[in-house]
Each structure stands twice: as structure tokens, then as C-alpha cells.
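Undergrad: Mind looking over this structure? Questions follow.
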Amino acid sequence: MKQLSLFVIFFLSIIVAFSQSVPIPSNYSVVDSVLGDLDKDGVDELVVAYNTKSDEDEIDKGVPRELVIYKRQNNRWGVWQKSMQALYGSSDGGMMSDPFGEITIKKGILKISHEGGGRWKWNFTDKYRYDGKEFKLIGYESYYGTPCEYWELVDFNLVTGKIIIEKEFERCENDAKNQEIYKRENETFFKKVIPLNLQNRSSKDIIIISPKYRHEIYLASKLH
């Protein structure tokens with residue numbers, strides 16, 4: 001009886017391990033992956049970020065990336081959703097080259113972050129939620145700036161249209177270690193934009209100008 005129980009446990013562990021292994025399409029390579037329940041059915045989906053080529057030399061030169069979301073189908077991962085627009089390419093981070101940050105799932109929300117730049121640094125996070133048909137972009141957060149100039153934080157709720165901008169200007173006496181904030185331009189306003197999702201995330205250049213301080217927000221383009 002004990003041997004039978006051990007066999008059942010061993011057999012189930014093999015099934016679980018097999019069902020959770022990450023599929024790798026031909027000539028692709030995995031950048032990152034995460035498990036999480038995205039449609040709130042009590043069963044985890046698998047989200048994978050891929051390089052669309054596996055050769056390291058080609059990746060260094062810059063290759064497009066694809067995001068694929070899998071659902072379990074008979075103990076195998078079947079493709080559920082995919083996008084070539086949700087991820088930056090492998091060399092789109094400027095001087096930092098690879099811009100990929102991470103993908104996470106929390107309370108059914110899929111978060112994808114990128115970062116890059118040189119002297120002027122930037123990072124942003126997209127938040128997606130499944131609405132029963134598609135993964136809609138519901139939130140966007142970004143941080144941009146450089147020491148001794150300014151830092152700008154943007155928090156955009158695409159569901160309500162509320163945009164919060166916090167911008168701090170700083171100067172340095174001798175070097176970047178001696179910083180002084182001498183001005184703030186904080187602003188909150190509302191703006192509706194065309195609905196964005198995983199499939200059309202970077203299909204259009206969306207530039208929002210704030211009404212008071214004329215801050216520019218680049219939402220959907222790769223104009224960092």
C-alpha cells in the first residue's frame with residue numbers, strides 16, 4: 001500500500017512537472033516566464049516572453065520579442081493569446097541595450113516592465129487585465145529623468161482616464177551627490193485615449209500634453 005502511494009505521488013509529480021514546463025517554439029529562446037491565474041478560473045496560465053531568434057549574436061544585434069500566454073489543455077500548454085507588440089526588442093534599451101525588466105501576475109493583473117536609456121534613464125510598466133475577450137491595457141506607470149536635471153513620474157489609469165504627474169527639478173552644486181530640489185510641477189487631470197490591448201499596444205503614437213504644465217506623455221510609441 002505504501003509503495004502504491006509513493007508511485008501515485010511520483011506519477012502525479014511527473015504530470016505536474018510536464019504540464020508546467022515552458023514550451024519553446026523552433027528557433028525561439030525564453031527571456032522570462034511566469035505562472036498565474038489571469039481569467040480567475042482557479043487555474044494558472046503560463047506567460048512567456050520570447051526572443052524570436054535563439055542565436056546570441058543575433059539577439060545582441062536586436063531581435064523582436066513575442067509574448068505568448070498559454071492555457072492548460074490535456075496536461076499540455078496550448079496557445080491562448082500572443083502579441084508581437086507588448087514587448088520591446090532585445091536592443092531597444094538605448095545604451096543599456098536589453099530593455100526587458102520583468103513580467104509578473106498579481107491578483108489577475110499582468111504586469112510587464114521595461115527600462116533603458118543612457119544619461120537620461122527611463123522605465124515603465126504596463127498593466128493588463130482580461131475582460132473576457134481580450135487583455136486590455138488598464139494602467140501605465142513611467143519614471144524618466146537624469147540627476148541634476150529632473151525626474152518625472154507618470155501614473156495613468158486607463159480605465160478612469162486619471163493621470164497623475166509628479167515632476168521634480170533638481171540642481172547640483174559640484175556633483176550629482178549634492179542635489180537640491182528647487183521646483184515641483186505636480187499635476188492631475190483626466191484624459192481618455194483609444195482602447196489599447198496586447199495586440200495593438202504599440203500600433204499608434206499616442207502623445208498626451210498636460211493642460212497646465214504642458215508635460216508630454218508618450219504612451220504607445222517607442223519614442224523614449
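By convention here, the chains of the C-alpha cells are called A, B, ... in the order presented, each chain's residues are numbered starting at 1, and ligands are numbered starting at 1 in the order presented.
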Could you build a table of the residues in region 11-126 of chain A lying no more than 6 Å from region 139-154 of chain A, giving for each the nearest pair of atoms and their separation in Å rounded to one decimal place, using only C-alpha atoms, ordered by chain and ascending residue number, as JSON lines?
TA:
{"residue": "A:Trp120", "atom": "CA", "partner": "A:Thr146", "partner_atom": "CA", "distance": 4.9}
{"residue": "A:Lys121", "atom": "CA", "partner": "A:Gly145", "partner_atom": "CA", "distance": 5.6}
{"residue": "A:Trp122", "atom": "CA", "partner": "A:Tyr144", "partner_atom": "CA", "distance": 4.3}
{"residue": "A:Asn123", "atom": "CA", "partner": "A:Tyr143", "partner_atom": "CA", "distance": 5.4}
{"residue": "A:Phe124", "atom": "CA", "partner": "A:Ser142", "partner_atom": "CA", "distance": 4.0}
{"residue": "A:Thr125", "atom": "CA", "partner": "A:Glu141", "partner_atom": "CA", "distance": 5.2}
{"residue": "A:Asp126", "atom": "CA", "partner": "A:Tyr140", "partner_atom": "CA", "distance": 4.8}
Undergrad: Neighbours of region 103-114 of chain A within 9 Å (only C-alpha atoms; same-chain residues fewer than 5 positions away dropped), as a PyMOL selection string?
TA: chain A and resi 32-40+47-49+86-88+93+98+122-130+135
Undergrad: In Å, how far is it from CA of Ile59 (chain A) to CA of Lys71 (chain A)?
TA: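 Answer for the CA of Ile59 (chain A) to CA of Lys71 (chain A) separation: 27.6 Å.
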Undergrad: Identify, with DSSP run on backbone atoms, the residues in region 7-80 of chain A assigned to alpha helix (DSSP H), and express the list as a list of chain:residue names.
TA: A:Phe7, A:Val8, A:Ile9, A:Phe10, A:Phe11, A:Leu12, A:Ser13, A:Ile14, A:Ile15, A:Val16, A:Ala17, A:Phe18, A:Ser19, A:Gln20, A:Glu56, A:Asp57, A:Glu58, A:Ile59, A:Asp60, A:Lys61
Undergrad: Can you pull out every residue within 7 Å of region 158-167 of chain A, counting only C-alpha atoms, but drop anything in the same chain fewer than 6 positions away, and send it as a list in words?
TA: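 Close residues of region 158-167 of chain A: Ile138, Gly139, Tyr150, Trp151, Glu152, Arg184, Glu185, Asn186, Glu187, Thr188, Phe189, Phe190, Lys191 and Lys192 of chain A.
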Undergrad: How would the residues just chosen look if you wrote them out with all heavy atoms as a short mmCIF file (atom, residue, chain, number, x, y, z; two decimals), in the first residue's frame?
TA:
data_model
loop_
_atom_site.label_atom_id
_atom_site.label_comp_id
_atom_site.auth_asym_id
_atom_site.auth_seq_id
_atom_site.Cartn_x
_atom_site.Cartn_y
_atom_site.Cartn_z
N ILE A 138 -4.88 48.55 -18.77
CA ILE A 138 -5.66 49.31 -17.79
C ILE A 138 -4.81 50.29 -17.00
O ILE A 138 -5.35 51.16 -16.32
CB ILE A 138 -6.38 48.37 -16.81
CG1 ILE A 138 -5.37 47.55 -16.00
CG2 ILE A 138 -7.36 47.46 -17.55
CD1 ILE A 138 -5.98 46.83 -14.81
N GLY A 139 -3.48 50.15 -17.07
CA GLY A 139 -2.62 51.04 -16.32
C GLY A 139 -1.26 51.19 -16.94
O GLY A 139 -0.76 50.28 -17.61
N TYR A 150 15.96 66.71 -13.92
CA TYR A 150 14.64 66.48 -13.34
C TYR A 150 14.31 64.99 -13.37
O TYR A 150 14.91 64.21 -14.10
CB TYR A 150 13.55 67.27 -14.06
CG TYR A 150 13.27 66.84 -15.48
CD1 TYR A 150 12.47 65.73 -15.76
CD2 TYR A 150 13.78 67.56 -16.56
CE1 TYR A 150 12.21 65.34 -17.06
CE2 TYR A 150 13.52 67.17 -17.87
CZ TYR A 150 12.73 66.06 -18.11
OH TYR A 150 12.48 65.67 -19.40
N TRP A 151 13.31 64.62 -12.55
CA TRP A 151 12.74 63.28 -12.55
C TRP A 151 11.23 63.42 -12.66
O TRP A 151 10.63 64.24 -11.95
CB TRP A 151 13.12 62.51 -11.29
CG TRP A 151 14.58 62.22 -11.19
CD1 TRP A 151 15.50 62.90 -10.46
CD2 TRP A 151 15.30 61.19 -11.87
NE1 TRP A 151 16.75 62.36 -10.63
CE2 TRP A 151 16.65 61.31 -11.50
CE3 TRP A 151 14.92 60.18 -12.76
CZ2 TRP A 151 17.63 60.45 -11.98
CZ3 TRP A 151 15.90 59.33 -13.24
CH2 TRP A 151 17.23 59.46 -12.85
N GLU A 152 10.63 62.62 -13.53
CA GLU A 152 9.20 62.73 -13.77
C GLU A 152 8.52 61.38 -13.60
O GLU A 152 8.90 60.39 -14.23
CB GLU A 152 8.93 63.26 -15.17
CG GLU A 152 7.46 63.39 -15.52
CD GLU A 152 7.25 63.87 -16.94
OE1 GLU A 152 7.27 63.01 -17.85
OE2 GLU A 152 7.09 65.08 -17.14
N ARG A 184 8.87 72.00 -8.21
CA ARG A 184 8.00 70.85 -8.46
C ARG A 184 6.86 71.27 -9.36
O ARG A 184 6.29 72.35 -9.18
CB ARG A 184 7.45 70.27 -7.14
CG ARG A 184 8.48 69.56 -6.28
CD ARG A 184 7.81 68.95 -5.05
NE ARG A 184 8.72 68.11 -4.29
CZ ARG A 184 9.52 68.55 -3.33
NH1 ARG A 184 9.53 69.86 -3.02
NH2 ARG A 184 10.31 67.72 -2.68
N GLU A 185 6.53 70.41 -10.30
CA GLU A 185 5.39 70.65 -11.17
C GLU A 185 4.51 69.40 -11.15
O GLU A 185 4.63 68.51 -11.98
CB GLU A 185 5.85 70.95 -12.60
CG GLU A 185 6.53 72.29 -12.75
CD GLU A 185 6.94 72.59 -14.18
OE1 GLU A 185 6.81 71.69 -15.05
OE2 GLU A 185 7.39 73.71 -14.44
N ASN A 186 3.63 69.33 -10.15
CA ASN A 186 2.72 68.20 -9.99
C ASN A 186 1.37 68.55 -10.61
O ASN A 186 0.89 69.68 -10.48
CB ASN A 186 2.56 67.84 -8.52
CG ASN A 186 3.87 67.39 -7.90
OD1 ASN A 186 4.80 66.99 -8.60
ND2 ASN A 186 3.96 67.46 -6.58
N GLU A 187 0.77 67.57 -11.25
CA GLU A 187 -0.45 67.83 -11.98
C GLU A 187 -1.31 66.58 -12.04
O GLU A 187 -0.80 65.47 -12.21
CB GLU A 187 -0.10 68.31 -13.40
CG GLU A 187 -1.24 68.84 -14.20
CD GLU A 187 -0.77 69.45 -15.52
OE1 GLU A 187 0.46 69.50 -15.76
OE2 GLU A 187 -1.63 69.86 -16.31
N THR A 188 -2.63 66.75 -11.90
CA THR A 188 -3.59 65.66 -12.04
C THR A 188 -4.69 66.11 -13.00
O THR A 188 -5.26 67.19 -12.84
CB THR A 188 -4.20 65.28 -10.69
OG1 THR A 188 -3.17 64.85 -9.79
CG2 THR A 188 -5.20 64.15 -10.85
N PHE A 189 -4.98 65.29 -13.98
CA PHE A 189 -6.04 65.62 -14.93
C PHE A 189 -6.60 64.32 -15.50
O PHE A 189 -6.12 63.22 -15.18
CB PHE A 189 -5.52 66.53 -16.06
CG PHE A 189 -4.42 65.95 -16.89
CD1 PHE A 189 -4.69 65.42 -18.15
CD2 PHE A 189 -3.11 65.92 -16.44
CE1 PHE A 189 -3.68 64.89 -18.93
CE2 PHE A 189 -2.09 65.38 -17.22
CZ PHE A 189 -2.38 64.86 -18.46
N PHE A 190 -7.61 64.43 -16.35
CA PHE A 190 -8.26 63.25 -16.93
C PHE A 190 -8.18 63.31 -18.46
O PHE A 190 -8.33 64.36 -19.07
CB PHE A 190 -9.72 63.16 -16.50
CG PHE A 190 -9.90 62.80 -15.06
CD1 PHE A 190 -9.80 63.76 -14.07
CD2 PHE A 190 -10.16 61.49 -14.68
CE1 PHE A 190 -9.96 63.43 -12.73
CE2 PHE A 190 -10.31 61.15 -13.35
CZ PHE A 190 -10.21 62.12 -12.38
N LYS A 191 -7.89 62.14 -19.04
CA LYS A 191 -7.76 62.05 -20.48
C LYS A 191 -8.12 60.64 -20.94
O LYS A 191 -7.56 59.65 -20.46
CB LYS A 191 -6.31 62.36 -20.90
CG LYS A 191 -6.05 62.26 -22.39
CD LYS A 191 -6.66 63.40 -23.17
CE LYS A 191 -6.26 63.35 -24.63
NZ LYS A 191 -6.85 64.48 -25.40
N LYS A 192 -9.05 60.54 -21.85
CA LYS A 192 -9.41 59.25 -22.44
C LYS A 192 -8.61 59.04 -23.73
O LYS A 192 -8.44 59.98 -24.51
CB LYS A 192 -10.90 59.18 -22.74
CG LYS A 192 -11.78 59.06 -21.50
CD LYS A 192 -11.65 57.69 -20.86
CE LYS A 192 -12.65 57.52 -19.73
NZ LYS A 192 -12.57 56.15 -19.13
#
Undergrad: Go through A:Met84, A:Ile207, A:Val43, A:Leu198 and flag the residue nearest Glu66 (chain A), using only C-alpha atoms for the distances.
TA: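 Among the listed residues, the smallest separation from Glu66 (chain A) belongs to A:Met84.
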Undergrad: Among region 186-220 of chain A, which residues carry a DSSP assignment of strand (DSSP E or B), reported as a PyMOL selection string?
TA: chain A and resi 187-190+197+207-209+216-218
Undergrad: Could you save those same residues with all heavy atoms as an mmCIF file, in the first residue's frame?
TA:
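The new file selection.cif reads:
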data_model
loop_
_atom_site.group_PDB
_atom_site.id
_atom_site.type_symbol
_atom_site.label_atom_id
_atom_site.label_comp_id
_atom_site.auth_asym_id
_atom_site.auth_seq_id
_atom_site.Cartn_x
_atom_site.Cartn_y
_atom_site.Cartn_z
ATOM 1 N N GLU A 187 0.775 67.565 -11.250
ATOM 2 C CA GLU A 187 -0.454 67.832 -11.981
ATOM 3 C C GLU A 187 -1.314 66.578 -12.045
ATOM 4 O O GLU A 187 -0.803 65.472 -12.211
ATOM 5 C CB GLU A 187 -0.098 68.307 -13.396
ATOM 6 C CG GLU A 187 -1.238 68.836 -14.204
ATOM 7 C CD GLU A 187 -0.771 69.453 -15.516
ATOM 8 O OE1 GLU A 187 0.458 69.502 -15.757
ATOM 9 O OE2 GLU A 187 -1.630 69.859 -16.308
ATOM 10 N N THR A 188 -2.625 66.752 -11.904
ATOM 11 C CA THR A 188 -3.586 65.664 -12.044
ATOM 12 C C THR A 188 -4.691 66.105 -12.996
ATOM 13 O O THR A 188 -5.256 67.191 -12.837
ATOM 14 C CB THR A 188 -4.204 65.283 -10.689
ATOM 15 O OG1 THR A 188 -3.167 64.850 -9.793
ATOM 16 C CG2 THR A 188 -5.201 64.146 -10.850
ATOM 17 N N PHE A 189 -4.978 65.289 -13.982
ATOM 18 C CA PHE A 189 -6.040 65.615 -14.934
ATOM 19 C C PHE A 189 -6.597 64.317 -15.503
ATOM 20 O O PHE A 189 -6.124 63.223 -15.178
ATOM 21 C CB PHE A 189 -5.522 66.532 -16.055
ATOM 22 C CG PHE A 189 -4.423 65.946 -16.890
ATOM 23 C CD1 PHE A 189 -4.691 65.421 -18.146
ATOM 24 C CD2 PHE A 189 -3.108 65.921 -16.442
ATOM 25 C CE1 PHE A 189 -3.681 64.885 -18.931
ATOM 26 C CE2 PHE A 189 -2.085 65.384 -17.221
ATOM 27 C CZ PHE A 189 -2.376 64.864 -18.461
ATOM 28 N N PHE A 190 -7.614 64.425 -16.347
ATOM 29 C CA PHE A 190 -8.259 63.248 -16.931
ATOM 30 C C PHE A 190 -8.175 63.307 -18.455
ATOM 31 O O PHE A 190 -8.333 64.362 -19.066
ATOM 32 C CB PHE A 190 -9.724 63.164 -16.499
ATOM 33 C CG PHE A 190 -9.904 62.799 -15.063
ATOM 34 C CD1 PHE A 190 -9.800 63.765 -14.075
ATOM 35 C CD2 PHE A 190 -10.156 61.486 -14.681
ATOM 36 C CE1 PHE A 190 -9.959 63.435 -12.735
ATOM 37 C CE2 PHE A 190 -10.310 61.147 -13.355
ATOM 38 C CZ PHE A 190 -10.210 62.124 -12.379
ATOM 39 N N ASN A 197 -4.655 47.160 -26.146
ATOM 40 C CA ASN A 197 -4.594 45.799 -25.634
ATOM 41 C C ASN A 197 -3.251 45.185 -26.008
ATOM 42 O O ASN A 197 -2.384 45.856 -26.564
ATOM 43 C CB ASN A 197 -5.769 44.970 -26.158
ATOM 44 C CG ASN A 197 -5.855 44.998 -27.674
ATOM 45 O OD1 ASN A 197 -4.841 44.818 -28.372
ATOM 46 N ND2 ASN A 197 -7.050 45.227 -28.215
ATOM 47 N N ILE A 207 0.550 60.644 -27.944
ATOM 48 C CA ILE A 207 1.246 61.666 -27.166
ATOM 49 C C ILE A 207 0.203 62.526 -26.463
ATOM 50 O O ILE A 207 -0.689 63.097 -27.099
ATOM 51 C CB ILE A 207 2.134 62.548 -28.064
ATOM 52 C CG1 ILE A 207 3.128 61.682 -28.845
ATOM 53 C CG2 ILE A 207 2.873 63.585 -27.227
ATOM 54 C CD1 ILE A 207 3.955 62.460 -29.834
ATOM 55 N N ILE A 208 0.300 62.600 -25.155
ATOM 56 C CA ILE A 208 -0.637 63.383 -24.347
ATOM 57 C C ILE A 208 0.086 64.599 -23.792
ATOM 58 O O ILE A 208 1.174 64.475 -23.226
ATOM 59 C CB ILE A 208 -1.212 62.532 -23.200
ATOM 60 C CG1 ILE A 208 -1.955 61.316 -23.772
ATOM 61 C CG2 ILE A 208 -2.141 63.358 -22.317
ATOM 62 C CD1 ILE A 208 -2.348 60.300 -22.724
ATOM 63 N N ILE A 209 -0.505 65.778 -23.948
ATOM 64 C CA ILE A 209 0.053 67.016 -23.415
ATOM 65 C C ILE A 209 -0.788 67.441 -22.216
ATOM 66 O O ILE A 209 -2.002 67.620 -22.338
ATOM 67 C CB ILE A 209 0.055 68.143 -24.469
ATOM 68 C CG1 ILE A 209 0.702 67.666 -25.780
ATOM 69 C CG2 ILE A 209 0.755 69.376 -23.920
ATOM 70 C CD1 ILE A 209 2.148 67.296 -25.650
ATOM 71 N N GLU A 216 4.757 66.273 -21.654
ATOM 72 C CA GLU A 216 4.489 65.340 -22.742
ATOM 73 C C GLU A 216 4.579 63.901 -22.243
ATOM 74 O O GLU A 216 5.574 63.517 -21.637
ATOM 75 C CB GLU A 216 5.477 65.557 -23.890
ATOM 76 C CG GLU A 216 5.333 66.902 -24.579
ATOM 77 C CD GLU A 216 6.251 67.033 -25.771
ATOM 78 O OE1 GLU A 216 7.071 66.105 -25.996
ATOM 79 O OE2 GLU A 216 6.156 68.033 -26.492
ATOM 80 N N ILE A 217 3.539 63.136 -22.520
ATOM 81 C CA ILE A 217 3.499 61.728 -22.127
ATOM 82 C C ILE A 217 3.426 60.892 -23.401
ATOM 83 O O ILE A 217 2.509 61.047 -24.203
ATOM 84 C CB ILE A 217 2.280 61.425 -21.238
ATOM 85 C CG1 ILE A 217 2.295 62.312 -19.987
ATOM 86 C CG2 ILE A 217 2.260 59.944 -20.843
ATOM 87 C CD1 ILE A 217 1.012 62.234 -19.195
ATOM 88 N N TYR A 218 4.410 60.018 -23.596
ATOM 89 C CA TYR A 218 4.425 59.118 -24.747
ATOM 90 C C TYR A 218 3.902 57.769 -24.281
ATOM 91 O O TYR A 218 4.602 57.031 -23.596
ATOM 92 C CB TYR A 218 5.840 58.983 -25.304
ATOM 93 C CG TYR A 218 6.397 60.282 -25.857
ATOM 94 C CD1 TYR A 218 7.129 61.139 -25.043
ATOM 95 C CD2 TYR A 218 6.185 60.646 -27.180
ATOM 96 C CE1 TYR A 218 7.636 62.339 -25.535
ATOM 97 C CE2 TYR A 218 6.685 61.839 -27.681
ATOM 98 C CZ TYR A 218 7.418 62.681 -26.857
ATOM 99 O OH TYR A 218 7.920 63.851 -27.346
#
Undergrad: Can you measure CA of Ile69 (chain A) to CA of Leu219 (chain A) for me? One decimal in Å is fine.
TA: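 Between CA of Ile69 (chain A) and CA of Leu219 (chain A) the gap is 23.1 Å.
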Undergrad: Counting only C-alpha atoms, which of A:Asp131, A:Asp44, A:Glu168, A:Asp205 gets nearest to Tyr70 (chain A)?
TA: A:Asp44
Undergrad: Provide the CA of Lys204 (chain A) to CA of Glu115 (chain A) distance in Å, to one decimal place.
TA: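 It comes out at 20.1 Å.
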